[in-house]
Amino acid sequence: MMKSGVVASALVAASAEWVNLNFQDCGSDSTHAKVFDLSPNNIEVPGDASVWGSGTLDADQTSVSFTLKAKKGIITLLSGGGSICEDTTINLPLGAGSITVKGLECPIPAGDIWVEVDMSLLTPPEIKEGENSLISIHIDGNADDTGDQVLCLDIDVNKGSAPEPAPSPAPAPDPPPYFYQTITPQSDSNLCVDLPGGNTENGQSLWLWECGGWESQRWRFDNSQIRYAPDESKCIDAGDMSDGSSMFVWDCNGSPQQAWDFDSDASTAFLQDAGICLDFYGDWDSNGQPLHVWSCSGDWNQQWSIWDQNAVSVV
(Lines give C-alpha, C1' and ligand atoms only; values in the text may rest on other atoms or scores of the structure.)
Protein backbone atom coordinates (compact mmCIF):
# COMPACT_ATOMS: atom_id res chain seq x y z
CA MET A 1 0.00 0.00 0.00
CA MET A 2 2.67 2.43 0.90
CA LYS A 3 4.11 1.77 -2.46
CA SER A 4 1.69 4.29 -3.94
CA GLY A 5 2.97 6.94 -1.60
CA VAL A 6 6.52 6.35 -2.68
CA VAL A 7 5.44 6.59 -6.30
CA ALA A 8 4.24 10.08 -5.62
CA SER A 9 7.62 11.05 -4.32
CA ALA A 10 9.20 9.97 -7.56
CA LEU A 11 6.74 11.87 -9.74
CA VAL A 12 7.65 15.14 -8.18
CA ALA A 13 11.34 14.70 -8.39
CA ALA A 14 11.30 15.70 -12.05
CA SER A 15 10.41 19.31 -11.13
CA ALA A 16 13.66 20.72 -9.76
CA GLU A 17 17.34 20.09 -9.20
CA TRP A 18 16.62 19.39 -5.52
CA VAL A 19 13.17 18.85 -4.04
CA ASN A 20 12.00 18.44 -0.46
CA LEU A 21 9.26 15.90 0.23
CA ASN A 22 6.75 16.34 3.06
CA PHE A 23 4.59 13.28 3.73
CA GLN A 24 1.27 13.12 5.57
CA ASP A 25 -0.93 10.11 6.22
CA CYS A 26 -4.44 11.31 5.34
CA GLY A 27 -6.23 8.11 6.30
CA SER A 28 -9.01 7.83 8.85
CA ASP A 29 -9.28 5.50 11.83
CA SER A 30 -10.73 2.84 9.53
CA THR A 31 -7.89 3.02 6.98
CA HIS A 32 -6.02 -0.27 7.17
CA ALA A 33 -2.44 0.88 6.48
CA LYS A 34 -0.53 3.49 8.45
CA VAL A 35 2.49 5.07 6.81
CA PHE A 36 5.13 6.46 9.15
CA ASP A 37 8.62 6.11 7.72
CA LEU A 38 9.52 7.35 4.24
CA SER A 39 12.99 8.40 3.15
CA PRO A 40 14.90 10.19 1.82
CA ASN A 41 13.27 13.60 2.24
CA ASN A 42 15.52 15.19 -0.40
CA ILE A 43 15.91 14.01 -3.99
CA GLU A 44 18.26 15.34 -6.64
CA VAL A 45 17.41 15.39 -10.34
CA PRO A 46 18.49 14.51 -12.95
CA GLY A 47 19.76 11.14 -11.78
CA ASP A 48 18.77 7.73 -10.52
CA ALA A 49 17.36 7.36 -7.02
CA SER A 50 15.45 4.97 -4.80
CA VAL A 51 12.89 5.71 -2.11
CA TRP A 52 12.21 3.28 0.71
CA GLY A 53 9.25 3.23 3.03
CA SER A 54 7.77 1.21 5.85
CA GLY A 55 4.48 1.05 7.70
CA THR A 56 1.93 -1.27 9.25
CA LEU A 57 -1.14 -3.05 7.94
CA ASP A 58 -3.88 -4.03 10.40
CA ALA A 59 -5.68 -6.66 8.29
CA ASP A 60 -4.83 -9.15 5.53
CA GLN A 61 -5.52 -7.85 2.01
CA THR A 62 -6.10 -10.03 -1.03
CA SER A 63 -5.16 -7.30 -3.53
CA VAL A 64 -5.17 -3.50 -3.63
CA SER A 65 -5.46 -0.97 -6.44
CA PHE A 66 -4.29 2.61 -6.15
CA THR A 67 -5.09 5.87 -7.89
CA LEU A 68 -2.69 8.78 -8.02
CA LYS A 69 -3.31 12.43 -8.85
CA ALA A 70 -0.63 15.08 -9.11
CA LYS A 71 -1.64 18.74 -9.20
CA LYS A 72 0.02 22.11 -9.48
CA GLY A 73 -2.47 24.46 -7.93
CA ILE A 74 -5.81 23.56 -9.49
CA ILE A 75 -4.26 22.06 -12.62
CA THR A 76 -4.05 18.27 -12.80
CA LEU A 77 -0.69 17.23 -14.19
CA LEU A 78 -1.03 13.48 -13.95
CA SER A 79 -3.70 10.97 -13.09
CA GLY A 80 -3.21 7.24 -13.09
CA GLY A 81 -3.01 4.11 -11.03
CA GLY A 82 -2.12 0.49 -10.84
CA SER A 83 -2.00 -2.64 -8.74
CA ILE A 84 0.19 -3.02 -5.71
CA CYS A 85 0.51 -6.74 -6.42
CA GLU A 86 2.98 -6.32 -9.32
CA ASP A 87 5.79 -4.09 -10.47
CA THR A 88 4.38 -0.97 -12.11
CA THR A 89 6.38 1.37 -14.34
CA ILE A 90 5.05 4.90 -14.86
CA ASN A 91 6.48 7.21 -17.49
CA LEU A 92 6.64 10.85 -16.46
CA PRO A 93 5.30 13.59 -18.77
CA LEU A 94 7.51 15.24 -21.39
CA GLY A 95 10.08 12.44 -21.29
CA ALA A 96 11.19 13.48 -17.80
CA GLY A 97 11.96 9.88 -16.82
CA SER A 98 10.25 6.87 -15.31
CA ILE A 99 9.61 5.21 -11.99
CA THR A 100 9.21 1.54 -11.18
CA VAL A 101 7.11 0.64 -8.17
CA LYS A 102 8.23 -2.73 -6.84
CA GLY A 103 5.22 -4.94 -6.28
CA LEU A 104 4.24 -6.55 -3.01
CA GLU A 105 3.48 -10.24 -2.88
CA CYS A 106 -0.28 -10.71 -2.69
CA PRO A 107 -2.21 -11.61 -0.65
CA ILE A 108 -0.61 -9.13 1.74
CA PRO A 109 -0.57 -10.30 5.37
CA ALA A 110 -1.21 -7.94 8.25
CA GLY A 111 1.89 -6.61 9.98
CA ASP A 112 4.93 -4.65 8.90
CA ILE A 113 5.27 -3.76 5.24
CA TRP A 114 8.34 -2.55 3.31
CA VAL A 115 8.36 -0.93 -0.11
CA GLU A 116 10.89 0.20 -2.69
CA VAL A 117 10.62 2.42 -5.74
CA ASP A 118 13.42 2.74 -8.30
CA MET A 119 13.52 5.99 -10.27
CA SER A 120 15.29 7.19 -13.38
CA LEU A 121 14.87 10.97 -13.51
CA LEU A 122 15.99 12.98 -16.53
CA THR A 123 16.20 16.74 -17.21
CA PRO A 124 13.57 18.51 -15.09
CA PRO A 125 11.32 21.23 -16.56
CA GLU A 126 12.25 24.85 -15.94
CA ILE A 127 11.14 26.35 -12.61
CA LYS A 128 9.85 29.92 -12.59
CA GLU A 129 11.77 32.58 -10.71
CA GLY A 130 10.72 32.75 -7.06
CA GLU A 131 8.59 29.62 -7.27
CA ASN A 132 8.71 27.37 -4.22
CA SER A 133 5.64 25.11 -4.11
CA LEU A 134 6.02 22.70 -6.99
CA ILE A 135 3.37 20.03 -6.79
CA SER A 136 0.92 18.23 -4.51
CA ILE A 137 0.09 14.55 -4.79
CA HIS A 138 -2.78 12.52 -3.42
CA ILE A 139 -2.77 8.72 -3.34
CA ASP A 140 -5.76 6.59 -2.49
CA GLY A 141 -5.51 2.80 -2.27
CA ASN A 142 -8.55 0.54 -1.92
CA ALA A 143 -9.04 -3.18 -1.42
CA ASP A 144 -10.27 -4.90 -4.58
CA ASP A 145 -12.61 -7.26 -2.73
CA THR A 146 -14.19 -5.03 -0.05
CA GLY A 147 -13.57 -1.51 -1.32
CA ASP A 148 -12.13 -0.55 2.08
CA GLN A 149 -9.62 2.25 2.08
CA VAL A 150 -6.23 0.69 2.62
CA LEU A 151 -4.01 3.73 2.09
CA CYS A 152 -4.25 7.51 1.96
CA LEU A 153 -1.23 9.72 1.45
CA ASP A 154 -0.65 13.38 0.70
CA ILE A 155 2.74 14.57 -0.46
CA ASP A 156 3.68 18.23 -0.74
CA VAL A 157 6.74 18.90 -2.82
CA ASN A 158 8.69 22.11 -2.52
CA LYS A 159 11.73 23.44 -4.23
CA GLY A 160 14.66 22.48 -2.05
CA SER A 161 18.37 22.71 -1.66
CA ALA A 162 21.06 20.13 -1.27
CA PRO A 163 21.04 18.57 2.20
CA GLU A 164 23.71 19.67 4.61
CA PRO A 165 26.78 17.46 4.39
CA ALA A 166 27.20 15.09 7.27
CA PRO A 167 29.59 16.40 9.90
CA SER A 168 33.02 14.91 9.94
CA PRO A 169 33.16 12.00 12.36
CA ALA A 170 34.79 12.70 15.68
CA PRO A 171 38.29 11.32 15.92
CA ALA A 172 38.52 7.93 17.50
CA PRO A 173 39.34 8.14 21.20
CA ASP A 174 42.76 7.13 22.32
CA PRO A 175 42.91 3.45 23.24
CA PRO A 176 42.65 2.86 26.95
CA PRO A 177 45.86 2.21 28.83
CA TYR A 178 46.86 -1.36 29.45
CA PHE A 179 45.06 -2.90 32.36
CA TYR A 180 47.75 -3.43 35.01
CA GLN A 181 47.01 -5.70 37.94
CA THR A 182 48.29 -6.85 41.29
CA ILE A 183 48.26 -10.49 42.39
CA THR A 184 47.55 -11.53 45.98
CA PRO A 185 46.83 -14.78 47.82
CA GLN A 186 43.06 -15.08 48.09
CA SER A 187 43.44 -15.67 51.82
CA ASP A 188 45.60 -12.58 52.41
CA SER A 189 45.05 -9.54 50.19
CA ASN A 190 47.71 -7.61 52.12
CA LEU A 191 50.55 -9.50 50.42
CA CYS A 192 51.34 -8.89 46.72
CA VAL A 193 53.53 -10.60 44.15
CA ASP A 194 56.51 -8.25 44.08
CA LEU A 195 59.74 -7.82 42.13
CA PRO A 196 62.29 -6.77 44.76
CA GLY A 197 63.58 -3.28 44.08
CA GLY A 198 62.06 -3.37 40.58
CA ASN A 199 65.25 -5.10 39.43
CA THR A 200 64.53 -6.55 35.97
CA GLU A 201 67.81 -8.40 35.56
CA ASN A 202 67.22 -11.90 34.17
CA GLY A 203 66.92 -14.39 37.04
CA GLN A 204 65.77 -11.87 39.68
CA SER A 205 63.59 -13.85 42.11
CA LEU A 206 60.05 -12.82 43.06
CA TRP A 207 58.53 -12.77 46.51
CA LEU A 208 55.39 -11.84 48.41
CA TRP A 209 55.55 -8.42 50.04
CA GLU A 210 53.18 -6.08 51.77
CA CYS A 211 50.96 -4.40 49.15
CA GLY A 212 51.82 -0.75 48.70
CA GLY A 213 50.72 0.15 45.17
CA TRP A 214 54.31 0.26 43.95
CA GLU A 215 55.27 -0.33 40.34
CA SER A 216 57.17 -3.42 41.42
CA GLN A 217 53.79 -5.02 42.21
CA ARG A 218 52.13 -4.30 38.85
CA TRP A 219 51.66 -7.06 36.28
CA ARG A 220 49.84 -7.61 33.03
CA PHE A 221 48.19 -10.83 31.85
CA ASP A 222 48.72 -10.84 28.09
CA ASN A 223 48.82 -13.54 25.43
CA SER A 224 49.29 -16.38 27.96
CA GLN A 225 52.09 -14.52 29.72
CA ILE A 226 52.36 -12.55 32.95
CA ARG A 227 54.38 -9.47 32.01
CA TYR A 228 56.05 -7.02 34.37
CA ALA A 229 54.11 -3.78 33.82
CA PRO A 230 56.99 -1.26 34.00
CA ASP A 231 58.97 -3.34 31.47
CA GLU A 232 56.75 -5.63 29.40
CA SER A 233 59.73 -7.34 27.82
CA LYS A 234 60.09 -9.24 31.12
CA CYS A 235 57.86 -12.20 32.06
CA ILE A 236 57.30 -14.37 35.13
CA ASP A 237 59.27 -17.58 34.56
CA ALA A 238 58.92 -20.88 36.45
CA GLY A 239 62.38 -22.26 35.68
CA ASP A 240 62.39 -26.07 35.57
CA MET A 241 58.77 -26.17 36.78
CA SER A 242 59.52 -28.66 39.57
CA ASP A 243 57.75 -28.55 42.95
CA GLY A 244 59.12 -25.68 45.00
CA SER A 245 60.94 -24.00 42.11
CA SER A 246 61.34 -20.30 42.80
CA MET A 247 59.81 -17.82 40.35
CA PHE A 248 61.86 -15.12 38.66
CA VAL A 249 61.69 -12.65 35.80
CA TRP A 250 63.25 -13.37 32.42
CA ASP A 251 63.08 -12.02 28.90
CA CYS A 252 59.69 -12.97 27.45
CA ASN A 253 60.38 -15.80 25.02
CA GLY A 254 57.18 -17.89 24.76
CA SER A 255 58.73 -20.89 26.50
CA PRO A 256 56.48 -23.39 28.37
CA GLN A 257 57.63 -22.12 31.78
CA GLN A 258 56.22 -18.69 30.83
CA ALA A 259 52.87 -19.98 29.43
CA TRP A 260 50.39 -19.03 32.15
CA ASP A 261 46.63 -19.21 32.37
CA PHE A 262 44.13 -18.30 35.07
CA ASP A 263 41.04 -20.30 36.07
CA SER A 264 38.65 -17.73 37.51
CA ASP A 265 36.34 -20.44 38.87
CA ALA A 266 39.11 -22.18 40.81
CA SER A 267 41.09 -18.94 41.36
CA THR A 268 44.29 -20.69 40.26
CA ALA A 269 47.16 -19.45 38.11
CA PHE A 270 48.76 -22.40 36.34
CA LEU A 271 51.23 -23.31 33.63
CA GLN A 272 49.45 -24.54 30.54
CA ASP A 273 49.65 -28.30 29.87
CA ALA A 274 51.94 -28.79 32.88
CA GLY A 275 49.70 -29.34 35.92
CA ILE A 276 51.84 -26.82 37.82
CA CYS A 277 50.25 -24.01 39.86
CA LEU A 278 51.38 -20.79 41.48
CA ASP A 279 51.73 -21.69 45.16
CA PHE A 280 52.50 -20.08 48.52
CA TYR A 281 53.37 -21.54 51.90
CA GLY A 282 50.27 -21.22 54.03
CA ASP A 283 52.19 -20.94 57.27
CA TRP A 284 54.32 -18.02 56.05
CA ASP A 285 52.17 -14.91 56.17
CA SER A 286 54.85 -12.23 56.42
CA ASN A 287 57.07 -10.32 53.98
CA GLY A 288 59.72 -12.09 52.00
CA GLN A 289 58.25 -15.50 51.13
CA PRO A 290 59.83 -16.61 47.82
CA LEU A 291 57.21 -17.04 45.10
CA HIS A 292 57.21 -20.62 43.81
CA VAL A 293 55.22 -23.29 41.97
CA TRP A 294 53.85 -26.68 43.02
CA SER A 295 51.82 -29.47 41.48
CA CYS A 296 48.20 -28.33 41.25
CA SER A 297 46.19 -29.65 44.20
CA GLY A 298 43.18 -27.36 44.44
CA ASP A 299 44.20 -26.41 48.00
CA TRP A 300 43.52 -22.96 49.40
CA ASN A 301 47.20 -21.98 49.25
CA GLN A 302 47.01 -22.14 45.44
CA GLN A 303 44.09 -19.70 45.21
CA TRP A 304 44.81 -16.16 44.08
CA SER A 305 42.99 -12.88 43.50
CA ILE A 306 43.75 -10.44 40.68
CA TRP A 307 43.17 -6.73 41.31
CA ASP A 308 43.39 -3.66 39.12
CA GLN A 309 45.43 -0.61 40.06
CA ASN A 310 42.52 0.86 42.02
CA ALA A 311 42.25 -2.28 44.16
CA VAL A 312 38.93 -3.45 42.70
CA SER A 313 38.87 -7.21 42.38
CA VAL A 314 38.36 -8.39 38.81
CA VAL A 315 38.22 -12.14 39.54
# chains A, B, ... in the order shown; residues from 1 in each chain; ligands from 1
>>> residues_around(residues="range 185-194 of chain A", least_positions_apart="2", cutoff="9 Å", atoms="only C-alpha atoms", output="NGL selection string")
:A and (182-183 or 196-198 or 206-212 or 214-219 or 267 or 279-280 or 285-287 or 291 or 300-306)
>>> residues_around(residues="range 269-272 of chain A", least_positions_apart="2", cutoff="8 Å", atoms="only C-alpha atoms", output="ChimeraX atom specification")
/A:256-263,267,274-278,296,302-304
>>> write_last_selection(atoms="N, CA and C atoms", output="PDB file, in the first residue's frame")
ATOM      1  N   PRO A 256      57.546 -22.778  27.559  1.00  0.00           N
ATOM      2  CA  PRO A 256      56.477 -23.390  28.374  1.00  0.00           C
ATOM      3  C   PRO A 256      56.453 -22.887  29.816  1.00  0.00           C
ATOM      4  N   GLN A 257      57.615 -22.574  30.388  1.00  0.00           N
ATOM      5  CA  GLN A 257      57.631 -22.123  31.779  1.00  0.00           C
ATOM      6  C   GLN A 257      57.156 -20.675  31.934  1.00  0.00           C
ATOM      7  N   GLN A 258      56.806 -20.038  30.796  1.00  0.00           N
ATOM      8  CA  GLN A 258      56.219 -18.694  30.834  1.00  0.00           C
ATOM      9  C   GLN A 258      54.768 -18.694  30.340  1.00  0.00           C
ATOM     10  N   ALA A 259      54.224 -19.865  30.027  1.00  0.00           N
ATOM     11  CA  ALA A 259      52.874 -19.977  29.430  1.00  0.00           C
ATOM     12  C   ALA A 259      51.833 -20.140  30.527  1.00  0.00           C
ATOM     13  N   TRP A 260      51.313 -19.034  31.030  1.00  0.00           N
ATOM     14  CA  TRP A 260      50.388 -19.025  32.151  1.00  0.00           C
ATOM     15  C   TRP A 260      48.934 -18.911  31.700  1.00  0.00           C
ATOM     16  N   ASP A 261      48.061 -19.400  32.548  1.00  0.00           N
ATOM     17  CA  ASP A 261      46.632 -19.206  32.367  1.00  0.00           C
ATOM     18  C   ASP A 261      46.027 -19.016  33.745  1.00  0.00           C
ATOM     19  N   PHE A 262      44.804 -18.511  33.785  1.00  0.00           N
ATOM     20  CA  PHE A 262      44.132 -18.296  35.072  1.00  0.00           C
ATOM     21  C   PHE A 262      42.724 -18.872  35.003  1.00  0.00           C
ATOM     22  N   ASP A 263      42.381 -19.716  35.954  1.00  0.00           N
ATOM     23  CA  ASP A 263      41.045 -20.301  36.075  1.00  0.00           C
ATOM     24  C   ASP A 263      40.274 -19.479  37.097  1.00  0.00           C
ATOM     25  N   SER A 267      40.178 -19.977  40.858  1.00  0.00           N
ATOM     26  CA  SER A 267      41.092 -18.939  41.359  1.00  0.00           C
ATOM     27  C   SER A 267      42.538 -19.416  41.346  1.00  0.00           C
ATOM     28  N   ALA A 274      50.872 -28.304  32.012  1.00  0.00           N
ATOM     29  CA  ALA A 274      51.942 -28.792  32.880  1.00  0.00           C
ATOM     30  C   ALA A 274      51.434 -29.282  34.231  1.00  0.00           C
ATOM     31  N   GLY A 275      50.219 -28.937  34.614  1.00  0.00           N
ATOM     32  CA  GLY A 275      49.699 -29.337  35.916  1.00  0.00           C
ATOM     33  C   GLY A 275      50.452 -28.700  37.069  1.00  0.00           C
ATOM     34  N   ILE A 276      51.052 -27.535  36.819  1.00  0.00           N
ATOM     35  CA  ILE A 276      51.843 -26.825  37.817  1.00  0.00           C
ATOM     36  C   ILE A 276      51.151 -25.501  38.130  1.00  0.00           C
ATOM     37  N   CYS A 277      50.986 -25.200  39.447  1.00  0.00           N
ATOM     38  CA  CYS A 277      50.252 -24.012  39.861  1.00  0.00           C
ATOM     39  C   CYS A 277      51.135 -23.058  40.657  1.00  0.00           C
ATOM     40  N   LEU A 278      50.772 -21.789  40.609  1.00  0.00           N
ATOM     41  CA  LEU A 278      51.376 -20.792  41.476  1.00  0.00           C
ATOM     42  C   LEU A 278      50.967 -21.110  42.907  1.00  0.00           C
ATOM     43  N   CYS A 296      49.545 -28.821  40.946  1.00  0.00           N
ATOM     44  CA  CYS A 296      48.200 -28.326  41.253  1.00  0.00           C
ATOM     45  C   CYS A 296      47.457 -29.315  42.140  1.00  0.00           C
ATOM     46  N   GLN A 302      46.764 -22.339  46.871  1.00  0.00           N
ATOM     47  CA  GLN A 302      47.005 -22.137  45.435  1.00  0.00           C
ATOM     48  C   GLN A 302      45.907 -21.249  44.822  1.00  0.00           C
ATOM     49  N   GLN A 303      45.176 -20.569  45.681  1.00  0.00           N
ATOM     50  CA  GLN A 303      44.092 -19.704  45.207  1.00  0.00           C
ATOM     51  C   GLN A 303      44.536 -18.246  45.293  1.00  0.00           C
ATOM     52  N   TRP A 304      44.301 -17.525  44.212  1.00  0.00           N
ATOM     53  CA  TRP A 304      44.808 -16.157  44.078  1.00  0.00           C
ATOM     54  C   TRP A 304      43.688 -15.209  43.646  1.00  0.00           C
TER      55      TRP A 304
END
>>> closest_residue(among="A:Leu38, A:Ala238, A:Ile139, A:Ala59", to="Val293 in chain A", atoms="only C-alpha atoms")
A:Ala238
>>> closest_residue(among="A:Leu195, A:Gly27, A:Asn91, A:Ser205", to="Pro230 in chain A", atoms="only C-alpha atoms")
A:Leu195
>>> residues_around(residues="Ile113 in chain A", least_positions_apart="6", cutoff="6 Å", atoms="only C-alpha atoms", output="PDB file with C-alpha atoms, in the first residue's frame")
ATOM      1  CA  SER A  54       7.767   1.213   5.849  1.00  0.00           C
ATOM      2  CA  GLY A  55       4.483   1.055   7.696  1.00  0.00           C
ATOM      3  CA  THR A  56       1.935  -1.271   9.253  1.00  0.00           C
TER       4      THR A  56
END
>>> atom_distance(atom1="CA of Asp37 in chain A", atom2="CA of Val64 in chain A")
20.3 Å
